[in-house]
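Visitor: This is work.txt, which holds compact mmCIF, C-alpha atoms:
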# COMPACT_ATOMS: atom_id res chain seq x y z
CA MET A 11 24.27 85.71 86.22
CA GLN A 12 27.76 85.80 84.76
CA ILE A 13 28.87 83.93 81.63
CA ILE A 14 32.55 83.07 81.95
CA ASN A 15 34.65 81.81 79.06
CA THR A 16 38.23 81.79 80.34
CA VAL A 17 39.99 79.80 83.03
CA GLU A 18 41.54 82.93 84.54
CA GLU A 19 38.20 84.72 84.88
CA MET A 20 36.60 81.61 86.37
CA GLN A 21 39.34 81.24 88.97
CA LYS A 22 39.07 84.92 89.93
CA PHE A 23 35.30 84.55 90.33
CA SER A 24 35.71 81.54 92.62
CA ASP A 25 38.60 83.07 94.57
CA LEU A 26 36.42 86.09 95.37
CA ALA A 27 33.51 83.89 96.47
CA ARG A 28 35.81 81.91 98.77
CA GLU A 29 37.29 85.13 100.21
CA GLU A 30 33.72 86.14 101.06
CA LYS A 31 33.28 82.78 102.85
CA LYS A 32 30.67 81.61 100.35
CA THR A 33 30.11 77.94 99.59
CA ILE A 34 30.49 77.04 95.91
CA GLY A 35 28.50 74.26 94.25
CA LEU A 36 29.49 72.99 90.80
CA VAL A 37 27.14 71.22 88.39
CA PRO A 38 29.26 69.87 85.51
CA THR A 39 27.27 69.39 82.27
CA MET A 40 27.74 69.11 78.54
CA GLY A 41 24.74 71.35 78.01
CA TYR A 42 21.34 70.71 76.45
CA LEU A 43 19.94 70.85 79.96
CA HIS A 44 16.95 68.74 81.02
CA GLU A 45 15.09 67.96 84.24
CA GLY A 46 17.89 65.67 85.38
CA HIS A 47 20.33 68.57 85.27
CA LEU A 48 17.77 70.80 86.93
CA SER A 49 17.51 68.44 89.88
CA LEU A 50 21.26 68.87 90.41
CA ILE A 51 21.06 72.66 90.04
CA LYS A 52 18.20 72.89 92.53
CA ARG A 53 20.00 70.66 95.03
CA ALA A 54 23.13 72.81 94.68
CA GLY A 55 21.03 75.95 95.18
CA LYS A 56 19.66 74.62 98.46
CA GLU A 57 23.07 73.64 99.81
CA CYS A 58 25.43 76.33 98.46
CA ASP A 59 25.68 80.11 98.31
CA ILE A 60 27.06 80.14 94.77
CA VAL A 61 26.00 77.77 91.96
CA ILE A 62 28.24 77.34 88.93
CA VAL A 63 27.04 75.32 85.93
CA SER A 64 29.78 74.28 83.54
CA ILE A 65 28.72 73.73 79.93
CA TYR A 66 31.43 72.06 77.92
CA VAL A 67 31.27 69.19 75.43
CA ASN A 68 34.56 67.55 76.33
CA PRO A 69 36.27 66.04 73.27
CA THR A 70 38.61 63.74 75.23
CA GLN A 71 35.77 61.58 76.57
CA PHE A 72 34.48 60.73 73.08
CA GLY A 73 36.03 57.81 71.25
CA PRO A 74 36.44 57.36 67.47
CA ASN A 75 33.09 57.22 65.63
CA GLU A 76 31.17 58.48 68.68
CA ASP A 77 28.74 61.41 68.55
CA LEU A 78 30.98 64.38 69.42
CA SER A 79 30.20 66.33 66.25
CA LYS A 80 26.44 65.92 66.57
CA TYR A 81 26.07 66.12 70.35
CA PRO A 82 23.00 68.34 70.95
CA HIS A 83 23.55 71.93 72.02
CA ASP A 84 21.39 75.01 72.50
CA PHE A 85 23.28 77.56 74.58
CA GLN A 86 20.54 80.22 74.55
CA ARG A 87 18.04 77.70 75.93
CA ASP A 88 20.53 76.54 78.56
CA LYS A 89 21.26 80.15 79.51
CA THR A 90 17.54 80.85 80.02
CA ILE A 91 17.14 77.74 82.17
CA CYS A 92 20.11 78.77 84.32
CA ILE A 93 18.79 82.31 84.80
CA GLU A 94 15.35 80.97 85.76
CA ASN A 95 16.96 78.69 88.35
CA ASN A 96 19.18 81.30 89.99
CA VAL A 97 22.52 80.02 88.74
CA ASN A 98 25.27 82.51 89.58
CA ALA A 99 27.67 81.68 86.73
CA ILE A 100 27.91 79.57 83.61
CA PHE A 101 31.43 78.42 82.83
CA CYS A 102 31.61 77.65 79.11
CA PRO A 103 35.28 77.46 78.14
CA THR A 104 36.62 76.91 74.63
CA ASP A 105 38.61 73.85 73.58
CA ASP A 106 41.69 76.07 73.28
CA SER A 107 41.39 77.24 76.88
CA MET A 108 40.90 73.73 78.28
CA TYR A 109 43.36 71.89 76.03
CA GLN A 110 45.90 74.48 74.94
CA GLN A 111 48.42 73.67 72.23
CA GLY A 112 50.90 71.04 73.40
CA TYR A 113 48.54 69.62 76.05
CA GLN A 114 49.78 66.20 77.23
CA THR A 115 48.57 65.56 80.79
CA PHE A 116 45.70 63.21 81.64
CA VAL A 117 44.15 61.80 84.82
CA ASN A 118 43.37 58.09 84.84
CA VAL A 119 41.63 55.96 87.47
CA GLU A 120 42.64 52.33 87.04
CA ASN A 121 40.42 49.42 88.08
CA LEU A 122 37.00 51.07 88.31
CA THR A 123 37.20 52.10 84.66
CA LYS A 124 37.73 48.61 83.24
CA SER A 125 34.21 47.23 83.64
CA LEU A 126 30.74 48.24 82.42
CA CYS A 127 31.05 51.26 80.08
CA GLY A 128 34.84 51.06 80.26
CA LYS A 129 34.86 47.82 78.23
CA SER A 130 33.27 49.30 75.13
CA ARG A 131 34.53 52.87 75.68
CA PRO A 132 38.12 52.27 76.84
CA THR A 133 39.27 55.91 76.64
CA HIS A 134 36.06 57.47 77.94
CA PHE A 135 36.77 57.70 81.65
CA LYS A 136 40.29 59.04 81.18
CA GLY A 137 38.63 61.97 79.41
CA VAL A 138 35.99 62.30 82.14
CA THR A 139 38.43 62.33 85.04
CA THR A 140 40.75 64.71 83.22
CA ILE A 141 38.02 67.26 82.50
CA VAL A 142 36.45 66.99 85.96
CA SER A 143 39.87 67.48 87.54
CA LYS A 144 40.37 70.57 85.38
CA LEU A 145 36.90 71.87 86.23
CA PHE A 146 37.66 71.47 89.94
CA ASN A 147 40.83 73.51 89.45
CA CYS A 148 38.97 76.18 87.48
CA THR A 149 35.84 76.57 89.63
CA LYS A 150 37.27 75.61 93.05
CA PRO A 151 34.00 74.16 94.38
CA HIS A 152 33.20 72.95 97.87
CA LYS A 153 30.61 70.52 96.45
CA ALA A 154 30.07 68.97 93.02
CA TYR A 155 26.81 67.41 91.88
CA PHE A 156 26.40 64.37 89.63
CA GLY A 157 23.49 62.12 88.64
CA GLN A 158 23.13 58.44 89.53
CA LYS A 159 22.32 57.60 85.90
CA ASP A 160 26.07 57.73 85.31
CA TYR A 161 26.75 55.56 88.36
CA GLN A 162 30.13 54.26 87.20
CA GLN A 163 31.20 57.84 86.51
CA THR A 164 30.26 58.87 90.06
CA ARG A 165 32.32 56.03 91.54
CA VAL A 166 35.30 56.91 89.34
CA ILE A 167 35.08 60.60 90.26
CA LYS A 168 34.79 59.80 93.96
CA GLN A 169 37.89 57.63 93.69
CA MET A 170 39.80 60.34 91.84
CA THR A 171 38.72 62.97 94.36
CA ARG A 172 39.95 60.83 97.25
CA ASP A 173 43.17 59.71 95.58
CA LEU A 174 44.21 63.22 94.48
CA ASN A 175 43.18 64.84 97.78
CA TYR A 176 40.62 67.20 96.31
CA ASN A 177 38.71 68.92 99.08
CA VAL A 178 35.41 68.56 97.24
CA ASP A 179 32.29 66.75 98.43
CA ILE A 180 30.83 64.60 95.63
CA ILE A 181 27.02 64.64 95.83
CA VAL A 182 25.16 61.94 93.87
CA CYS A 183 21.51 62.70 93.10
CA PRO A 184 18.76 60.26 92.03
CA ILE A 185 17.94 59.40 88.43
CA ILE A 186 15.20 61.63 87.00
CA ARG A 187 12.85 59.80 84.66
CA GLU A 188 10.19 60.68 82.12
CA LYS A 189 6.65 59.82 83.18
CA ASP A 190 6.88 56.53 81.29
CA GLY A 191 10.10 55.52 83.05
CA LEU A 192 12.80 56.42 80.50
CA ALA A 193 15.85 57.90 82.22
CA MET A 194 16.34 61.49 81.11
CA SER A 195 19.31 62.02 78.82
CA SER A 196 20.38 64.61 76.27
CA ARG A 197 20.80 61.72 73.83
CA ASN A 198 17.10 60.84 73.99
CA ARG A 199 16.51 63.47 71.31
CA TYR A 200 18.29 61.21 68.81
CA LEU A 201 15.45 58.67 69.05
CA ASN A 202 12.67 58.61 66.48
CA GLU A 203 9.12 57.83 67.57
CA GLU A 204 9.46 54.06 67.21
CA GLU A 205 12.86 53.98 68.92
CA ARG A 206 11.53 56.13 71.76
CA LYS A 207 8.93 53.43 72.47
CA SER A 208 11.55 50.68 72.26
CA ALA A 209 13.82 52.57 74.68
CA LEU A 210 11.33 51.96 77.49
CA VAL A 211 12.60 48.38 77.60
CA LEU A 212 15.66 49.57 79.56
CA SER A 213 13.66 50.63 82.63
CA ARG A 214 11.24 47.72 82.16
CA SER A 215 14.12 45.24 82.26
CA LEU A 216 15.43 46.81 85.47
CA ASP A 217 11.95 46.54 86.98
CA LEU A 218 11.85 42.88 85.94
CA ALA A 219 15.21 42.23 87.62
CA LYS A 220 14.01 43.86 90.84
CA LYS A 221 10.84 41.75 90.84
CA LEU A 222 12.88 38.56 90.41
CA ILE A 223 15.16 39.57 93.29
CA ASP A 224 12.19 40.51 95.47
CA LYS A 225 10.80 37.00 94.83
CA GLY A 226 14.04 35.50 96.11
CA GLU A 227 16.13 34.92 92.98
CA THR A 228 19.83 34.98 93.91
CA ASN A 229 21.44 33.80 90.65
CA PRO A 230 22.70 36.78 88.60
CA GLU A 231 22.91 34.72 85.40
CA LYS A 232 19.23 33.81 85.56
CA ILE A 233 18.31 37.45 86.04
CA GLN A 234 20.55 38.50 83.13
CA ARG A 235 18.94 35.89 80.86
CA GLU A 236 15.45 37.18 81.62
CA MET A 237 16.56 40.77 81.02
CA VAL A 238 18.17 39.79 77.70
CA LYS A 239 14.98 38.06 76.57
CA LEU A 240 12.89 41.12 77.35
CA ILE A 241 15.26 43.60 75.71
CA GLU A 242 15.74 41.52 72.57
CA SER A 243 11.96 41.28 72.15
CA GLU A 244 12.01 44.96 71.16
CA ASN A 245 12.87 46.15 67.67
CA SER A 246 16.11 47.99 66.98
CA THR A 247 17.82 47.03 70.25
CA ARG A 248 21.37 45.75 70.68
CA ILE A 249 22.78 45.02 74.13
CA ASP A 250 26.20 46.40 75.01
CA TYR A 251 26.16 44.95 78.52
CA ILE A 252 23.94 43.88 81.39
CA GLU A 253 25.77 43.48 84.69
CA LEU A 254 24.90 42.88 88.34
CA VAL A 255 27.84 44.25 90.28
CA ASP A 256 29.15 45.29 93.68
CA VAL A 257 28.14 48.90 94.41
CA ASP A 258 31.65 49.86 95.49
CA ASN A 259 34.18 48.10 93.28
CA LEU A 260 31.83 47.37 90.33
CA THR A 261 32.94 43.73 90.09
CA PRO A 262 30.34 41.11 89.03
CA LYS A 263 28.42 39.38 91.80
CA ASP A 264 28.33 35.59 91.93
CA ARG A 265 25.27 35.70 94.14
CA ILE A 266 22.66 38.34 94.87
CA GLU A 267 23.15 39.46 98.46
CA GLY A 268 23.45 42.82 100.17
CA LYS A 269 23.27 45.98 98.10
CA ILE A 270 24.00 45.61 94.39
CA LEU A 271 23.91 47.68 91.22
CA ILE A 272 22.07 46.44 88.14
CA ALA A 273 23.54 48.37 85.22
CA LEU A 274 23.00 48.16 81.48
CA ALA A 275 23.86 49.85 78.22
CA VAL A 276 21.71 49.23 75.16
CA PHE A 277 21.80 50.58 71.64
CA VAL A 278 18.35 51.61 70.45
CA GLY A 279 18.84 52.18 66.77
CA LYS A 280 22.17 54.00 66.64
CA THR A 281 21.75 55.62 70.06
CA ARG A 282 23.53 54.15 73.07
CA LEU A 283 21.53 54.56 76.27
CA ILE A 284 22.47 53.62 79.84
CA ASP A 285 20.40 53.04 82.95
CA ASN A 286 20.80 51.40 86.33
CA LEU A 287 19.07 50.47 89.55
CA LEU A 288 20.39 50.07 93.09
CA VAL A 289 18.79 47.07 94.80
As structure tokens, please, write out the structure in this file.

Guide:
Amino acid sequence: MQIINTVEEMQKFSDLAREEKKTIGLVPTMGYLHEGHLSLIKRAGKECDIVIVSIYVNPTQFGPNEDLSKYPHDFQRDKTICIENNVNAIFCPTDDSMYQQGYQTFVNVENLTKSLCGKSRPTHFKGVTTIVSKLFNCTKPHKAYFGQKDYQQTRVIKQMTRDLNYNVDIIVCPIIREKDGLAMSSRNRYLNEEERKSALVLSRSLDLAKKLIDKGETNPEKIQREMVKLIESENSTRIDYIELVDVDNLTPKDRIEGKILIALAVFVGKTRLIDNLLV
């Protein structure tokens, strides 16, 4: 496995793989790998000849007072995981190589970024689309793998990929959960024991919503109210949003019909967690 730190070296690596007619799969991460990341790596390994894992904590997707400085990292652990799972290259660029002095170009997707997480993190997706665009240019993948937990992010990236004519297939893989239902996230390590128990209310509230819909409830507001009641019954929780939206354009639904996304973001203590369910 190669560890690549510069854009030039990464592009040469990918150019050679393409010359050899090999299919490249990219798994973009910010490191501190867990089973959710592993599911993407394993899927890429089944479908591609070459698997590249990018490890880069991207500063432009963090807003003021967010957790950039304390975001968890353990490169040696990540490296071991990648070796054990037959990754061909880790791309771990420096800030200077990704955002060289005088950098002033950003990629922005308009409407899809205004709802859900975009309301409380207004600059977040501009940072995400910019770094993903740059990673595509650096690694030159045929396929890129993302998790459904960040559903809005996957829709935004698909839109960007289409709009900018990137010849990259965006593969969205299912949410990987702990045995008790908590969606896996690098940020889960911020939770203390009591908060970890309270965090289970996210998946429980999604299960409650699904049960109400299965029983025939079609009023989104009624479902939201029941979810709010359940979440607020737990200590240390503060709701950022609960939304029932169209799976394509992410606009709120007036009535439950067809396929919808139930998405939520909740602070448990100081930690902001997201989860969702397609129904």

Visitor: Where does segment 52-159 of chain A meet segment 239-257 of chain A within 12 Å, residue by residue, with the nearest atom pair and distance in Å to one decimal for each, counting all atoms listed in the file, listed by chain and rising number, as JSON lines?

Guide:
{"residue": "A:Leu122", "atom": "CA", "partner": "A:Val257", "partner_atom": "CA", "distance": 11.0}
{"residue": "A:Ser125", "atom": "CA", "partner": "A:Glu253", "partner_atom": "CA", "distance": 9.3}
{"residue": "A:Leu126", "atom": "CA", "partner": "A:Tyr251", "partner_atom": "CA", "distance": 6.9}
{"residue": "A:Cys127", "atom": "CA", "partner": "A:Tyr251", "partner_atom": "CA", "distance": 8.1}
{"residue": "A:Gly128", "atom": "CA", "partner": "A:Tyr251", "partner_atom": "CA", "distance": 10.8}
{"residue": "A:Lys129", "atom": "CA", "partner": "A:Tyr251", "partner_atom": "CA", "distance": 9.2}
{"residue": "A:Ser130", "atom": "CA", "partner": "A:Asp250", "partner_atom": "CA", "distance": 7.6}
{"residue": "A:Arg131", "atom": "CA", "partner": "A:Asp250", "partner_atom": "CA", "distance": 10.6}
{"residue": "A:Gln158", "atom": "CA", "partner": "A:Val257", "partner_atom": "CA", "distance": 11.8}

Visitor: Fewer than 5 positions away in the same chain doesn't count, so skip those; otherwise give me all residues within 6 Å of segment 224-237 of chain A, counting all atoms listed in the file, as a list of chain:residue names.

Guide: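 Everything that qualifies: A:Ser215, A:Ala219, A:Arg265, A:Ile266.
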
Visitor: Excluding segment 105-113 of chain A and residues on its chain fewer than 4 positions from it, collect all residues at most 10 Å away from it, counting all atoms listed in the file, and give them as a list in words.

Guide: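 Within the cut-off, the hits are Asn15, Thr16, Val17, Glu18, Tyr66, Val67, Asn68, Pro69, Thr70, Ile141, Lys144, Leu145 and Cys148 of chain A.
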
Visitor: Using only C-alpha atoms, tabulate the residues of segment 139-209 of chain A lying at most 7 Å from any atom of segment 42-52 of chain A, each with its closest atom pair and that distance in Å to one decimal, by chain and increasing residue number, as a tab-separated table.

Guide:
residue	atom	partner	partner_atom	distance
A:Tyr155	CA	A:Leu50	CA	5.9
A:Phe156	CA	A:Leu50	CA	6.9
A:Cys183	CA	A:Leu50	CA	6.7
A:Ile185	CA	A:Gly46	CA	7.0
A:Ile186	CA	A:Gly46	CA	5.1
A:Met194	CA	A:Gly46	CA	6.2
A:Ser196	CA	A:Tyr42	CA	6.2

Visitor: Looking at A:Glu76, A:Asp258, A:Glu205, A:Met11, which one is nearest to Glu94 of chain A, with distances taken over all atoms listed in the file?

Guide: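 Checking each of A:Glu76, A:Asp258, A:Glu205, A:Met11 against Glu94 of chain A, counting all atoms listed in the file, the winner is A:Met11.
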
Visitor: Mind pulling up the distance from atom CA of Asp160 of chain A to atom CA of Glu204 of chain A?

Guide: 24.8 Å

Visitor: Determine, counting all atoms listed in the file, which protein, DNA and RNA residues have an atom within 8 Å of an atom of segment 99-102 of chain A; residues of the same chain fewer than 2 positions away are not included. Present the result as a ChimeraX atom specification.

Guide: /A:11-16,20,61-66,89,92,97,104
